[in-house]
Each structure stands twice: as structure tokens, then as C-alpha cells.
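Just run-v7.tsv here, TSV, C-alpha atoms and all ligand atoms:
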chain	number	residue	atom	x	y	z
A	1	MET	CA	-30.11	3.13	-27.81
A	2	SER	CA	-29.55	2.27	-24.19
A	3	GLY	CA	-25.98	1.44	-23.27
A	4	PRO	CA	-24.90	-1.46	-21.11
A	5	ARG	CA	-25.68	-1.12	-17.42
A	6	LEU	CA	-23.09	-1.65	-14.71
A	7	ARG	CA	-23.94	-4.44	-12.24
A	8	ASP	CA	-26.70	-3.24	-9.88
A	9	ASP	CA	-24.51	-3.64	-6.79
A	10	LEU	CA	-21.90	-1.35	-8.38
A	11	GLY	CA	-24.30	1.40	-9.47
A	12	ASP	CA	-22.95	4.04	-7.10
A	13	LEU	CA	-19.32	2.99	-7.30
A	14	GLU	CA	-16.80	5.77	-7.71
A	15	GLY	CA	-13.56	5.27	-9.60
A	16	TYR	CA	-10.22	5.65	-7.86
A	17	HIS	CA	-9.16	9.25	-8.04
A	18	SER	CA	-5.98	10.91	-7.13
A	19	PRO	CA	-5.88	13.92	-9.44
A	20	GLN	CA	-2.64	14.26	-11.42
A	21	VAL	CA	-1.92	17.94	-11.93
A	22	ASP	CA	1.09	19.12	-13.86
A	23	VAL	CA	3.07	21.16	-11.33
A	24	ALA	CA	6.75	21.57	-10.48
A	25	VAL	CA	6.68	19.62	-7.21
A	26	ARG	CA	4.48	16.51	-7.11
A	27	LEU	CA	4.27	15.02	-3.65
A	28	ASN	CA	0.84	13.35	-3.83
A	29	THR	CA	1.15	9.64	-4.65
A	30	ASN	CA	3.85	8.29	-2.32
A	31	GLU	CA	6.17	7.38	-5.17
A	32	SER	CA	9.90	7.32	-4.62
A	33	PRO	CA	11.57	10.55	-5.77
A	34	TYR	CA	14.54	8.51	-7.05
A	35	PRO	CA	14.51	6.17	-10.07
A	36	PRO	CA	16.31	2.82	-9.90
A	37	PRO	CA	20.05	3.07	-10.81
A	38	PRO	CA	21.16	3.03	-14.51
A	39	GLU	CA	22.81	-0.37	-13.92
A	40	PHE	CA	19.39	-1.79	-13.14
A	41	PHE	CA	18.08	-0.68	-16.54
A	42	GLU	CA	21.15	-2.07	-18.31
A	43	ALA	CA	20.77	-5.46	-16.66
A	44	TRP	CA	17.00	-5.52	-17.16
A	45	THR	CA	17.02	-4.55	-20.86
A	46	ALA	CA	19.77	-7.11	-21.51
A	47	ALA	CA	17.66	-9.78	-19.84
A	48	VAL	CA	14.54	-8.75	-21.79
A	49	SER	CA	16.50	-8.76	-25.10
A	50	GLY	CA	17.60	-12.32	-24.42
A	51	SER	CA	14.13	-13.59	-23.58
A	52	ALA	CA	11.88	-15.71	-25.80
A	53	ALA	CA	9.18	-13.19	-26.76
A	54	HIS	CA	7.23	-15.72	-28.82
A	55	ARG	CA	6.70	-17.95	-25.77
A	56	TYR	CA	4.35	-17.44	-22.85
A	57	PRO	CA	6.03	-16.47	-19.59
A	58	ASP	CA	6.73	-18.98	-16.83
A	59	ARG	CA	3.26	-19.25	-15.32
A	60	ALA	CA	4.62	-20.04	-11.89
A	61	ALA	CA	7.21	-17.21	-12.05
A	62	ILE	CA	9.65	-19.53	-10.30
A	63	SER	CA	12.85	-17.45	-10.78
A	64	LEU	CA	11.23	-14.32	-9.42
A	65	ARG	CA	9.52	-16.07	-6.53
A	66	SER	CA	12.61	-17.95	-5.47
A	67	ALA	CA	14.75	-14.79	-5.69
A	68	LEU	CA	12.20	-12.89	-3.58
A	69	GLY	CA	11.92	-15.79	-1.15
A	70	GLY	CA	15.70	-15.85	-0.83
A	71	PHE	CA	15.76	-12.11	-0.16
A	72	LEU	CA	13.02	-12.36	2.49
A	73	GLY	CA	14.07	-15.65	4.07
A	74	GLN	CA	10.94	-17.48	2.89
A	75	PRO	CA	10.48	-20.61	0.76
A	76	THR	CA	9.35	-20.13	-2.87
A	77	GLU	CA	6.03	-21.84	-2.06
A	78	ARG	CA	5.09	-18.96	0.23
A	79	VAL	CA	5.56	-16.24	-2.41
A	80	PHE	CA	2.86	-15.08	-4.82
A	81	CYS	CA	3.51	-12.28	-7.37
A	82	ALA	CA	1.10	-10.16	-9.40
A	83	ASN	CA	0.76	-6.90	-11.35
A	84	GLY	CA	1.05	-4.50	-8.44
A	85	SER	CA	-0.04	-5.29	-4.92
A	86	ASN	CA	-3.49	-4.15	-6.04
A	87	GLU	CA	-3.74	-7.31	-8.15
A	88	VAL	CA	-2.59	-9.34	-5.16
A	89	LEU	CA	-5.41	-7.77	-3.10
A	90	GLN	CA	-7.89	-8.42	-5.89
A	91	THR	CA	-6.82	-12.06	-6.19
A	92	LEU	CA	-7.13	-12.53	-2.43
A	93	LEU	CA	-10.66	-11.12	-2.54
A	94	LEU	CA	-11.62	-13.17	-5.60
A	95	GLY	CA	-10.47	-16.26	-3.74
A	96	TYR	CA	-11.57	-15.60	-0.16
A	97	GLY	CA	-14.21	-12.89	-0.55
A	98	GLY	CA	-17.12	-12.76	-2.99
A	99	PRO	CA	-20.91	-12.90	-2.60
A	100	GLY	CA	-22.02	-13.94	0.88
A	101	ARG	CA	-18.64	-13.17	2.40
A	102	THR	CA	-17.38	-10.11	4.26
A	103	ALA	CA	-14.21	-8.09	4.57
A	104	LEU	CA	-13.45	-5.94	7.60
A	105	VAL	CA	-11.51	-2.70	7.17
A	106	PHE	CA	-10.49	-0.14	9.78
A	107	GLU	CA	-10.99	3.41	8.48
A	108	PRO	CA	-9.36	5.67	7.64
A	109	SER	CA	-7.09	3.44	5.60
A	110	TYR	CA	-6.16	2.55	2.03
A	111	VAL	CA	-9.39	3.07	0.07
A	112	LEU	CA	-8.68	0.28	-2.41
A	113	HIS	CA	-9.27	-2.44	0.19
A	114	ALA	CA	-12.97	-1.55	0.47
A	115	HIS	CA	-13.14	-0.60	-3.22
A	116	ILE	CA	-11.79	-3.92	-4.54
A	117	ALA	CA	-13.92	-5.77	-1.99
A	118	ARG	CA	-17.05	-4.18	-3.45
A	119	ILE	CA	-16.03	-4.91	-7.04
A	120	THR	CA	-15.57	-8.57	-6.14
A	121	GLY	CA	-19.03	-8.67	-4.55
A	122	THR	CA	-17.62	-8.93	-1.02
A	123	GLY	CA	-19.58	-7.27	1.79
A	124	VAL	CA	-17.64	-4.55	3.59
A	125	VAL	CA	-17.82	-3.90	7.33
A	126	THR	CA	-16.12	-0.75	8.56
A	127	GLY	CA	-14.36	-0.62	11.91
A	128	GLU	CA	-13.41	2.75	13.31
A	129	ARG	CA	-10.10	4.01	14.57
A	130	GLN	CA	-9.77	6.45	17.46
A	131	PRO	CA	-9.75	10.20	16.65
A	132	ASP	CA	-5.91	10.15	16.77
A	133	PHE	CA	-6.04	7.33	14.15
A	134	ARG	CA	-4.89	4.67	16.61
A	135	LEU	CA	-6.56	1.28	16.51
A	136	ASP	CA	-7.86	0.12	19.89
A	137	PRO	CA	-6.77	-3.56	19.82
A	138	ALA	CA	-9.50	-4.68	22.26
A	139	ALA	CA	-12.22	-2.99	20.19
A	140	ALA	CA	-10.76	-4.46	16.99
A	141	VAL	CA	-10.78	-7.96	18.47
A	142	ARG	CA	-14.38	-7.50	19.67
A	143	LEU	CA	-15.44	-6.47	16.17
A	144	VAL	CA	-13.77	-9.54	14.68
A	145	GLU	CA	-15.70	-11.67	17.18
A	146	GLU	CA	-18.97	-9.96	16.34
A	147	VAL	CA	-18.70	-9.77	12.54
A	148	GLU	CA	-16.70	-12.97	11.89
A	149	PRO	CA	-15.27	-11.48	8.68
A	150	ASP	CA	-13.75	-13.78	6.08
A	151	VAL	CA	-10.97	-11.30	5.37
A	152	ILE	CA	-9.56	-8.61	7.67
A	153	PHE	CA	-7.40	-5.83	6.26
A	154	LEU	CA	-4.80	-4.05	8.32
A	155	THR	CA	-2.35	-1.59	6.80
A	156	THR	CA	0.90	-0.93	8.62
A	157	PRO	CA	2.31	1.62	8.32
A	158	ASN	CA	-1.18	2.82	7.56
A	159	ASN	CA	-1.97	4.92	4.51
A	160	PRO	CA	-2.89	7.82	4.71
A	161	THR	CA	-2.07	8.21	8.42
A	162	GLY	CA	1.50	6.84	8.49
A	163	MET	CA	0.77	5.06	11.75
A	164	VAL	CA	2.65	1.87	12.58
A	165	GLU	CA	0.47	-0.81	14.15
A	166	PRO	CA	2.17	-2.61	17.05
A	167	ARG	CA	3.00	-6.31	16.74
A	168	GLU	CA	0.69	-7.05	19.70
A	169	THR	CA	-2.35	-5.90	17.71
A	170	VAL	CA	-1.49	-8.25	14.86
A	171	GLU	CA	-0.97	-11.12	17.32
A	172	ALA	CA	-4.25	-10.38	19.13
A	173	LEU	CA	-6.20	-10.43	15.84
A	174	LEU	CA	-4.52	-13.67	14.74
A	175	GLU	CA	-5.30	-15.30	18.06
A	176	ARG	CA	-8.93	-14.30	17.74
A	177	ILE	CA	-9.21	-15.74	14.21
A	178	ALA	CA	-7.47	-18.96	15.25
A	179	ALA	CA	-9.80	-19.38	18.25
A	180	ARG	CA	-13.06	-19.35	16.31
A	181	SER	CA	-14.54	-22.21	14.33
A	182	LYS	CA	-15.13	-20.22	11.13
A	183	PRO	CA	-11.96	-19.80	9.06
A	184	GLY	CA	-10.68	-16.32	8.29
A	185	LEU	CA	-7.66	-14.51	6.94
A	186	LEU	CA	-5.73	-11.50	8.19
A	187	VAL	CA	-4.23	-9.50	5.32
A	188	ILE	CA	-1.53	-7.06	6.33
A	189	ASP	CA	-0.73	-4.47	3.68
A	190	GLU	CA	2.92	-3.57	4.14
A	191	ALA	CA	3.42	-1.33	1.12
A	192	TYR	CA	5.77	0.83	3.23
A	193	ALA	CA	7.45	-1.88	5.31
A	194	GLU	CA	11.07	-0.88	4.69
A	195	PHE	CA	10.40	2.60	6.06
A	196	SER	CA	8.94	1.21	9.28
A	197	PRO	CA	10.45	-0.30	12.43
A	198	TRP	CA	9.01	-3.81	12.10
A	199	THR	CA	7.47	-6.28	9.66
A	200	ALA	CA	4.97	-9.12	10.10
A	201	ILE	CA	6.70	-11.28	7.49
A	202	ASP	CA	8.39	-13.43	10.12
A	203	VAL	CA	4.96	-14.22	11.62
A	204	VAL	CA	3.86	-15.86	8.35
A	205	ALA	CA	3.91	-19.66	8.60
A	206	ASP	CA	2.00	-22.56	7.14
A	207	GLY	CA	-1.14	-22.99	9.23
A	208	VAL	CA	-1.23	-19.34	10.37
A	209	PRO	CA	-4.10	-17.37	8.74
A	210	LEU	CA	-1.88	-14.43	7.79
A	211	VAL	CA	-0.87	-12.88	4.47
A	212	VAL	CA	1.62	-10.01	4.20
A	213	VAL	CA	1.29	-7.93	1.02
A	214	ARG	CA	4.20	-5.90	-0.39
A	215	THR	CA	4.93	-3.89	-3.51
A	216	TYR	CA	7.82	-2.82	-5.73
A	217	SER	CA	6.00	0.49	-6.30
A	218	LYS	CA	7.36	2.52	-3.37
A	219	VAL	CA	10.47	1.11	-1.75
A	220	TRP	CA	11.90	-0.28	-4.99
A	221	SER	CA	11.14	2.92	-6.99
A	222	MET	CA	9.30	0.82	-9.57
A	223	ALA	CA	5.71	2.11	-9.60
A	224	ALA	CA	5.78	2.14	-13.43
A	225	PHE	CA	6.42	-1.62	-13.59
A	226	ARG	CA	3.31	-2.73	-11.67
A	227	LEU	CA	4.73	-5.51	-9.53
A	228	GLY	CA	3.60	-6.62	-6.11
A	229	PHE	CA	3.67	-9.81	-4.08
A	230	CYS	CA	2.59	-11.44	-0.89
A	231	ILE	CA	4.09	-13.82	1.61
A	232	ALA	CA	1.47	-16.36	2.66
A	233	PRO	CA	1.08	-19.95	3.82
A	234	ALA	CA	1.84	-22.33	0.92
A	235	ALA	CA	-1.81	-23.46	0.82
A	236	VAL	CA	-2.96	-19.86	0.35
A	237	VAL	CA	-0.45	-19.32	-2.46
A	238	ALA	CA	-1.77	-22.48	-4.14
A	239	ASP	CA	-5.32	-21.07	-3.88
A	240	LEU	CA	-4.25	-17.73	-5.38
A	241	GLU	CA	-2.56	-19.50	-8.30
A	242	LYS	CA	-5.88	-21.20	-9.05
A	243	VAL	CA	-7.79	-17.91	-9.03
A	244	VAL	CA	-5.47	-15.57	-10.94
A	245	LEU	CA	-5.50	-15.43	-14.74
A	246	PRO	CA	-2.95	-17.72	-16.37
A	247	TYR	CA	0.19	-15.96	-17.65
A	248	HIS	CA	-0.84	-12.74	-15.92
A	249	LEU	CA	2.72	-11.68	-15.17
A	250	SER	CA	4.69	-10.70	-18.27
A	251	VAL	CA	8.31	-11.70	-18.88
A	252	PRO	CA	9.59	-8.07	-18.67
A	253	THR	CA	7.79	-7.69	-15.31
A	254	GLN	CA	9.15	-10.95	-13.91
A	255	LEU	CA	12.66	-10.04	-15.04
A	256	ALA	CA	12.40	-6.54	-13.56
A	257	GLY	CA	11.52	-7.98	-10.18
A	258	THR	CA	14.39	-10.45	-10.23
A	259	VAL	CA	16.99	-7.98	-11.50
A	260	ALA	CA	15.95	-5.34	-8.93
A	261	LEU	CA	16.98	-7.68	-6.13
A	262	ARG	CA	20.61	-7.33	-7.28
A	263	PHE	CA	20.43	-3.69	-6.19
A	264	THR	CA	19.36	-4.03	-2.58
A	265	GLY	CA	22.22	-1.78	-1.40
A	266	GLU	CA	20.94	1.10	-3.55
A	267	MET	CA	17.41	0.45	-2.31
A	268	GLY	CA	18.57	0.57	1.30
A	269	ALA	CA	20.43	3.85	0.68
A	270	ARG	CA	17.33	5.45	-0.88
A	271	VAL	CA	15.16	4.30	2.02
A	272	ALA	CA	17.67	5.63	4.57
A	273	SER	CA	17.82	9.07	2.96
A	274	ILE	CA	14.03	9.28	2.67
A	275	LYS	CA	13.67	8.40	6.37
A	276	THR	CA	16.13	11.16	7.28
A	277	GLU	CA	14.15	13.62	5.19
A	278	ARG	CA	10.87	12.40	6.68
A	279	ASP	CA	12.09	13.18	10.17
A	280	ARG	CA	13.36	16.59	9.08
A	281	VAL	CA	10.05	17.50	7.36
A	282	GLY	CA	8.05	16.18	10.33
A	283	ALA	CA	9.97	18.36	12.77
A	284	ALA	CA	9.65	21.41	10.49
A	285	LEU	CA	5.87	20.87	10.19
A	286	ALA	CA	5.50	20.49	13.96
A	287	ALA	CA	7.19	23.87	14.40
A	288	LEU	CA	4.54	25.63	12.27
A	289	ASP	CA	1.60	27.32	14.00
A	290	GLY	CA	-1.76	25.78	13.10
A	291	VAL	CA	-0.25	22.56	11.72
A	292	GLU	CA	-0.42	19.16	13.41
A	293	PRO	CA	1.67	16.42	11.78
A	294	PHE	CA	1.01	12.79	12.75
A	295	PRO	CA	3.90	10.42	13.49
A	296	SER	CA	4.84	8.40	10.39
A	297	GLY	CA	6.65	5.13	9.76
A	298	ALA	CA	6.32	5.55	5.99
A	299	ASN	CA	7.58	7.81	3.17
A	300	PHE	CA	4.84	10.39	3.70
A	301	ILE	CA	3.38	12.52	6.49
A	302	LEU	CA	-0.28	13.24	7.22
A	303	PHE	CA	-0.90	16.62	8.78
A	304	ARG	CA	-3.90	18.63	9.87
A	305	SER	CA	-4.07	22.30	9.09
A	306	THR	CA	-6.60	24.81	10.47
A	307	ASP	CA	-8.18	25.17	7.03
A	308	GLY	CA	-7.01	22.12	5.07
A	309	GLN	CA	-8.77	22.99	1.82
A	310	ALA	CA	-7.32	26.52	1.74
A	311	THR	CA	-3.86	25.16	2.56
A	312	TRP	CA	-4.11	22.62	-0.28
A	313	GLU	CA	-5.19	25.30	-2.76
A	314	GLY	CA	-2.45	27.66	-1.59
A	315	LEU	CA	0.19	24.95	-1.98
A	316	LEU	CA	-1.06	24.20	-5.48
A	317	ARG	CA	-0.81	27.88	-6.44
A	318	ALA	CA	2.77	27.78	-5.18
A	319	GLY	CA	3.44	24.81	-7.50
A	320	VAL	CA	3.32	22.05	-4.87
A	321	LEU	CA	0.81	19.20	-5.18
A	322	VAL	CA	0.01	17.16	-2.06
A	323	ARG	CA	-2.87	14.73	-1.48
A	324	ASN	CA	-6.05	16.43	-0.33
A	325	PHE	CA	-8.10	14.63	2.34
A	326	ALA	CA	-9.48	17.87	3.81
A	327	ARG	CA	-13.11	17.00	3.07
A	328	TRP	CA	-12.94	13.27	3.63
A	329	PRO	CA	-14.84	11.70	6.50
A	330	ARG	CA	-12.58	11.15	9.56
A	331	LEU	CA	-9.76	13.14	7.94
A	332	ASP	CA	-11.17	16.66	8.02
A	333	ASN	CA	-8.58	19.32	7.23
A	334	CYS	CA	-5.88	16.68	6.66
A	335	LEU	CA	-3.36	16.70	3.84
A	336	ARG	CA	-0.72	14.09	3.05
A	337	VAL	CA	2.70	15.01	1.75
A	338	THR	CA	4.99	12.42	0.16
A	339	ILE	CA	8.65	12.81	1.09
A	340	GLY	CA	10.54	13.91	-2.00
A	341	ARG	CA	14.10	15.01	-2.75
A	342	PRO	CA	15.55	17.47	-0.22
A	343	GLU	CA	15.00	20.42	-2.59
A	344	GLU	CA	11.37	19.36	-3.18
A	345	ASN	CA	10.80	19.10	0.56
A	346	ASP	CA	12.34	22.55	0.99
A	347	ALA	CA	9.97	23.92	-1.68
A	348	PHE	CA	7.03	22.32	0.14
A	349	LEU	CA	8.07	23.74	3.53
A	350	ALA	CA	8.67	27.21	2.05
A	351	ALA	CA	5.24	27.10	0.38
A	352	MET	CA	3.64	26.01	3.68
A	353	LYS	CA	5.12	29.03	5.47
A	354	GLU	CA	3.96	31.33	2.70
A	355	VAL	CA	0.43	29.90	2.66
A	356	LEU	CA	0.07	30.03	6.45
A	357	ALA	CA	1.32	33.63	6.55
A	358	ALA	CA	-1.20	34.74	3.91
A	401	LIG	C1	0.76	2.48	-2.74
A	401	LIG	C2	0.05	1.39	-2.00
A	401	LIG	C3	-0.08	0.15	-2.59
A	401	LIG	C4	0.56	-0.06	-3.93
A	401	LIG	O1	-0.18	-0.67	-4.84
A	401	LIG	P1	0.55	-1.19	-6.17
A	401	LIG	O2	-0.58	-1.78	-6.89
A	401	LIG	O3	1.55	-2.20	-5.74
A	401	LIG	O4	1.19	-0.03	-6.84
A	401	LIG	C5	-0.70	-0.86	-1.88
A	401	LIG	N1	-1.16	-0.65	-0.63
A	401	LIG	C6	-1.03	0.54	-0.03
A	401	LIG	C7	-1.50	0.73	1.37
A	401	LIG	C8	-0.43	1.59	-0.70
A	401	LIG	O5	-0.33	2.79	-0.12
Step by step, read the file and then write its structure as C-alpha cells.
Amino acid sequence: MSGPRLRDDLGDLEGYHSPQVDVAVRLNTNESPYPPPPEFFEAWTAAVSGSAAHRYPDRAAISLRSALGGFLGQPTERVFCANGSNEVLQTLLLGYGGPGRTALVFEPSYVLHAHIARITGTGVVTGERQPDFRLDPAAAVRLVEEVEPDVIFLTTPNNPTGMVEPRETVEALLERIAARSKPGLLVIDEAYAEFSPWTAIDVVADGVPLVVVRTYSKVWSMAAFRLGFCIAPAAVVADLEKVVLPYHLSVPTQLAGTVALRFTGEMGARVASIKTERDRVGAALAALDGVEPFPSGANFILFRSTDGQATWEGLLRAGVLVRNFARWPRLDNCLRVTIGRPEENDAFLAAMKEVLAA
């Protein structure tokens, strides 16, 4: 019997892998090392207990969207929520990508942009960054002129490099899109915004072809909940609501997002302590011979080691798991460490010294 055959255009598609190995110190997926406070769980479970489980959720997720809008200084109509920012990205591509359309990505960056584009039948054009992972704004603008992509992805701070894109680059790209006759959309993935010095959210306005995507997974310590959102012109949000499956966002998820916003002080404190640790780990890495850390505006640090693969294996033997990019194009010998609790970061730094000395 022959089994079903994956769509021809997806024949060589690889799944998303980030190996999960059971070790003492896991610093490979950019999660927060701190769970939300116990009071969050009390308030959330109480809200879930009081909800009408036999009814469908509010399709428009009005409470959550208005609470988020209030928190971010944006009207409810400019907020769209989904199951993780990955579903936001998928919905954007279902709506604005698809067969005959193209998405532009600047590599190296978050692999799921190109991956989801392909799954939705969207053509992918790859722009290059400079060897130090900076984006040359003039070259980026030229490429937008040349390719006329329907969707442009920009991640800031970028994953896996940690690099913060300057506001001028965003403005230059927006100007370029606005100046041409063919419509287009700039999607800024700000999964790490709270760790970084600036956000593009205040550039979002009706009539501006800009969407800013955020997630509860990192900053809000809620990766397990799968909740993400974007801030976009009201017309774009209306389009996304047409494309996404009805009732896609469960009541427990909607409630979790709303209740979390009552704990912004705790979130801010977690972010502040992670930033302090990031700067400490960055300085310690820079002091090691044969290690080159890249500046980061996120909760992780990319670094290049003389023999990245050997360093990754050595760290693993020492019980520390980091993300291995050593054999990836453009990222040769690079590893990415997520900032953890101080004692986890100490264990990572001690293991680094041990591995480099061996
Ligand atoms: C972690 C991450 C996400 C998060 O995706 P979720 O589906 O919200 O968990 C999105 N974009 C980037 C660049 C990330 O690094």
C-alpha cells in the first residue's frame, strides 16, 4: 500500500528541530527561567473555574484584546491574538502570502518565518546580512525595490543573533513600501521587545503597512500557554480575523493572557534581572580566549567559538545544553545560550572554562 504523499512543493521540507535533551541546565530555547508568580495561577484557575465550559469562547477575544490594547496604548481594533506568535505569523502568511506571492527574509534569522512561508505556498526570497550580522539598510531597501515582496520579515532583537535593528532601518523599509504602487507589509517580530532598548509598536498606525508581532512565551514566562499577538492597522486585524479558524483561542488561553496583565510589576522585575545577568554573562564570555560573543538586546547571547561543535559537545557532557548553530550556513561555529538563573549561568560559564581548557 502506498501512503499519502506530502504536497509536491513540500517534498524536501524539514520539520522544526531544537533537540530537547534531559540535562541539568537547559539554556537552549530562550524560555524564561522563572515561572509566573503563584498569585497568577490562583487568579487564572479561579477565572477558568468560573467560565462557561459548555459554550464556545468569545470569537473576537474582546476582553483580552482590550486589556492588551490598554497595556500597550493601542485601541482594541489594532490587536489580534492567536495560539503563540507562530500562529500569528501563519495567519499573516495565509492572508497576505500564498501561491504567486513572496516573502522576504534576511538571514540568519528566525527559521520559522521562511518555514511557515513555504508551508503556506509563499515564495521565499533570502536577503543577506553582513558577516557581523548587521543589516545594511541601503542594501535591504534596494532588495525590497528589486523583489517587491508582499511580506517582509524583520526580527528585532534578531534571533539567533541578538542584534537590535535601529529605528532608521524600519523607517527606511516602510518608506520604500509606501512609495511603490504594489502594496506590501512589513512584519516586525518583536518576541524579545521588553529586553531591548526600543519598540516599533508606536510606529503602528492605520494606513501604515506595519505589523508588530509579540508573544507571551518569553517575556511573560508563559511558553506553555501558547499565546501571541500582533499590533496592526485595524484593516489588517479585520483581514486576519477572516482568515483564522473560528474559535481558535480557547477560554483558558484568553483568560491567561488577561490575568497575566495584572502582574506587570513581576514581569518587569524578571526582565530587569535577566538583563543584568545577560550583561554579566556577555562580559564573562568576552573575557574568554577563543570566544567571541555578539552584542544582544534579548534574553540570550550568540557567541562564536574556535570549534563550535566541540564546544557544544563539551558543554553537553558537562550537563549544559545550549543551541547549536555550529554547522549552520552563515553561523559557523556559533552557539546560542539563553540567559537562565544566576546559578545556571554560573554553571554554563564554569563549563565553558572547563571545555576551553581541555
Ligand atoms: C521564541 C520566538 C517566537 C515565539 O513563538 P511563540 O509561538 O509565540 O512561542 C517568535 N518569534 C521569534 C523570533 C522567537 O524567537
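If all atoms listed in the file are the atoms counted, then among A:Leu13, A:Ala52, A:Cys81, A:Leu6 the closest residue to Val244 of chain A is A:Cys81.
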List every residue of chain A that has an atom at most 9 Å from any atom of ligand LIG 401 (chain A), and for each one report the closest atom pair and its distance in Å to one decimal, counting all atoms listed in the file, with rows sorted by chain and then by increasing residue number, as a tab-separated table.
residue	atom	partner	partner_atom	distance
A:Thr29	CA	A:LIG401	C1	7.4
A:Asn30	CA	A:LIG401	C1	6.6
A:Glu31	CA	A:LIG401	C1	7.7
A:Ala82	CA	A:LIG401	O3	8.8
A:Asn83	CA	A:LIG401	O2	6.9
A:Gly84	CA	A:LIG401	O2	3.5
A:Ser85	CA	A:LIG401	O3	3.6
A:Asn86	CA	A:LIG401	O2	3.8
A:Glu87	CA	A:LIG401	O2	6.5
A:Val88	CA	A:LIG401	O2	8.0
A:Leu89	CA	A:LIG401	C5	8.5
A:Ser109	CA	A:LIG401	C7	7.5
A:Tyr110	CA	A:LIG401	C7	5.0
A:Val111	CA	A:LIG401	C7	8.3
A:Leu112	CA	A:LIG401	N1	7.8
A:His113	CA	A:LIG401	N1	8.3
A:Thr155	CA	A:LIG401	C7	6.0
A:Thr156	CA	A:LIG401	C7	7.8
A:Pro157	CA	A:LIG401	C7	8.0
A:Asn158	CA	A:LIG401	C7	6.5
A:Asn159	CA	A:LIG401	C7	5.3
A:Pro160	CA	A:LIG401	O5	7.4
A:Asp189	CA	A:LIG401	C7	5.7
A:Glu190	CA	A:LIG401	C7	6.8
A:Ala191	CA	A:LIG401	N1	4.9
A:Tyr192	CA	A:LIG401	O5	7.2
A:Val213	CA	A:LIG401	N1	7.9
A:Arg214	CA	A:LIG401	O3	7.0
A:Thr215	CA	A:LIG401	O3	4.4
A:Tyr216	CA	A:LIG401	O3	6.3
A:Ser217	CA	A:LIG401	O4	4.9
A:Lys218	CA	A:LIG401	C1	6.6
A:Met222	CA	A:LIG401	O4	8.6
A:Ala223	CA	A:LIG401	O4	5.7
A:Ala224	CA	A:LIG401	O4	8.3
A:Phe225	CA	A:LIG401	O4	8.7
A:Arg226	CA	A:LIG401	O4	5.9
A:Leu227	CA	A:LIG401	O3	6.0
A:Gly228	CA	A:LIG401	O3	4.9
A:Phe229	CA	A:LIG401	O3	8.1
Counting all atoms listed in the file, the residue of A:Gly207, A:Gly319, A:Gly297, A:Gly73 that sits nearest Glu344 of chain A: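 Using all atoms listed in the file, Glu344 of chain A sits closest to A:Gly319.
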d(atom CA of Thr126 of chain A, atom CA of Val219 of chain A) in Å: 28.6 Å
Pairwise distance for atom CA of Thr122 of chain A and atom CA of Arg5 of chain A, rounded to one decimal in Å: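 Between these atoms lies a distance of 19.9 Å.
Among the candidates A:Gly100, A:Gly340, A:Gly123, A:Pro209, the one nearest to Ile231 of chain A when counting all atoms listed in the file is A:Pro209.
What separates atom CA of Trp44 of chain A from atom CA of Phe71 of chain A is a distance of 18.3 Å.
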Among listed residues A:Asn345, A:Thr264, A:Thr102, A:Thr258, nearest Leu27 of chain A (using all atoms listed in the file): A:Asn345
So that I can see what lies close to Pro75 of chain A, please list as a PDB file with C-alpha atoms, keeping the file's coordinate frame the residues with an atom at most 9 Å from it, counting all atoms listed in the file and leaving out residues fewer than 3 positions away in the same chain.
ATOM      1  CA  ARG A  65       9.520 -16.070  -6.530  1.00  0.00           C
ATOM      2  CA  SER A  66      12.610 -17.950  -5.470  1.00  0.00           C
ATOM      3  CA  GLY A  69      11.920 -15.790  -1.150  1.00  0.00           C
ATOM      4  CA  GLY A  70      15.700 -15.850  -0.830  1.00  0.00           C
ATOM      5  CA  LEU A  72      13.020 -12.360   2.490  1.00  0.00           C
ATOM      6  CA  ARG A  78       5.090 -18.960   0.230  1.00  0.00           C
ATOM      7  CA  VAL A  79       5.560 -16.240  -2.410  1.00  0.00           C
ATOM      8  CA  ALA A 234       1.840 -22.330   0.920  1.00  0.00           C
TER       9      ALA A 234
END
Residue with smallest distance to Pro197 of chain A - pool A:Ser49, A:Ser296, A:Thr306, A:Asn28, counting all atoms listed in the file: A:Ser296
Residue among A:Arg118, A:Arg7, A:Arg129, A:Arg262 lying closest to Leu68 of chain A, counting only C-alpha atoms: A:Arg262
Residue list as a PyMOL selection string for point (-1.4, 21.7, -4.1), cut-off 12 Å, only C-alpha atoms: chain A and resi 19-28+308-326+335-337+347-348+351-352+355
Nearby residues, (11.0, 14.8, 7.3) file frame, 6 Å, only C-alpha atoms, as a list in words: Glu277, Arg278, Asp279, Arg280, Val281 and Gly282 of chain A
So that all listed atoms of segment 102-120 of chain A fit with 3 Å spare on each side, what axis-aligned box centre and edge lengths in Å, to one decimal, would you give as lines of an AutoDock Vina configuration file?
center_x = -11.8
center_y = -2.2
center_z = 1.4
size_x = 17.2
size_y = 21.8
size_z = 22.8
Spatial neighbours of Val170 of chain A, 9 Å, only C-alpha atoms, chain gap at least 5 places, as a PyMOL selection string: chain A and resi 137+154+165+175+186+188+200
Dump as a PDB file, in the frame of the given file, selection limited to C-alpha atoms:
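Output saved as out39.pdb:
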ATOM      1  CA  PRO A 137      -6.770  -3.560  19.820  1.00  0.00           C
ATOM      2  CA  LEU A 154      -4.800  -4.050   8.320  1.00  0.00           C
ATOM      3  CA  GLU A 165       0.470  -0.810  14.150  1.00  0.00           C
ATOM      4  CA  GLU A 175      -5.300 -15.300  18.060  1.00  0.00           C
ATOM      5  CA  LEU A 186      -5.730 -11.500   8.190  1.00  0.00           C
ATOM      6  CA  ILE A 188      -1.530  -7.060   6.330  1.00  0.00           C
ATOM      7  CA  ALA A 200       4.970  -9.120  10.100  1.00  0.00           C
TER       8      ALA A 200
END
All residues 6 Å or closer to segment 141-150 of chain A, only C-alpha atoms, same chain fewer than 3 positions away omitted, as a ChimeraX atom specification: /A:102-104,138,173,184
Residue neighbourhood Ala260 of chain A, 9 Å, only C-alpha atoms, exclusion window fewer than 5 positions, as JSON, numbers by chain: {"A": [36, 40, 44, 220, 255, 267]}
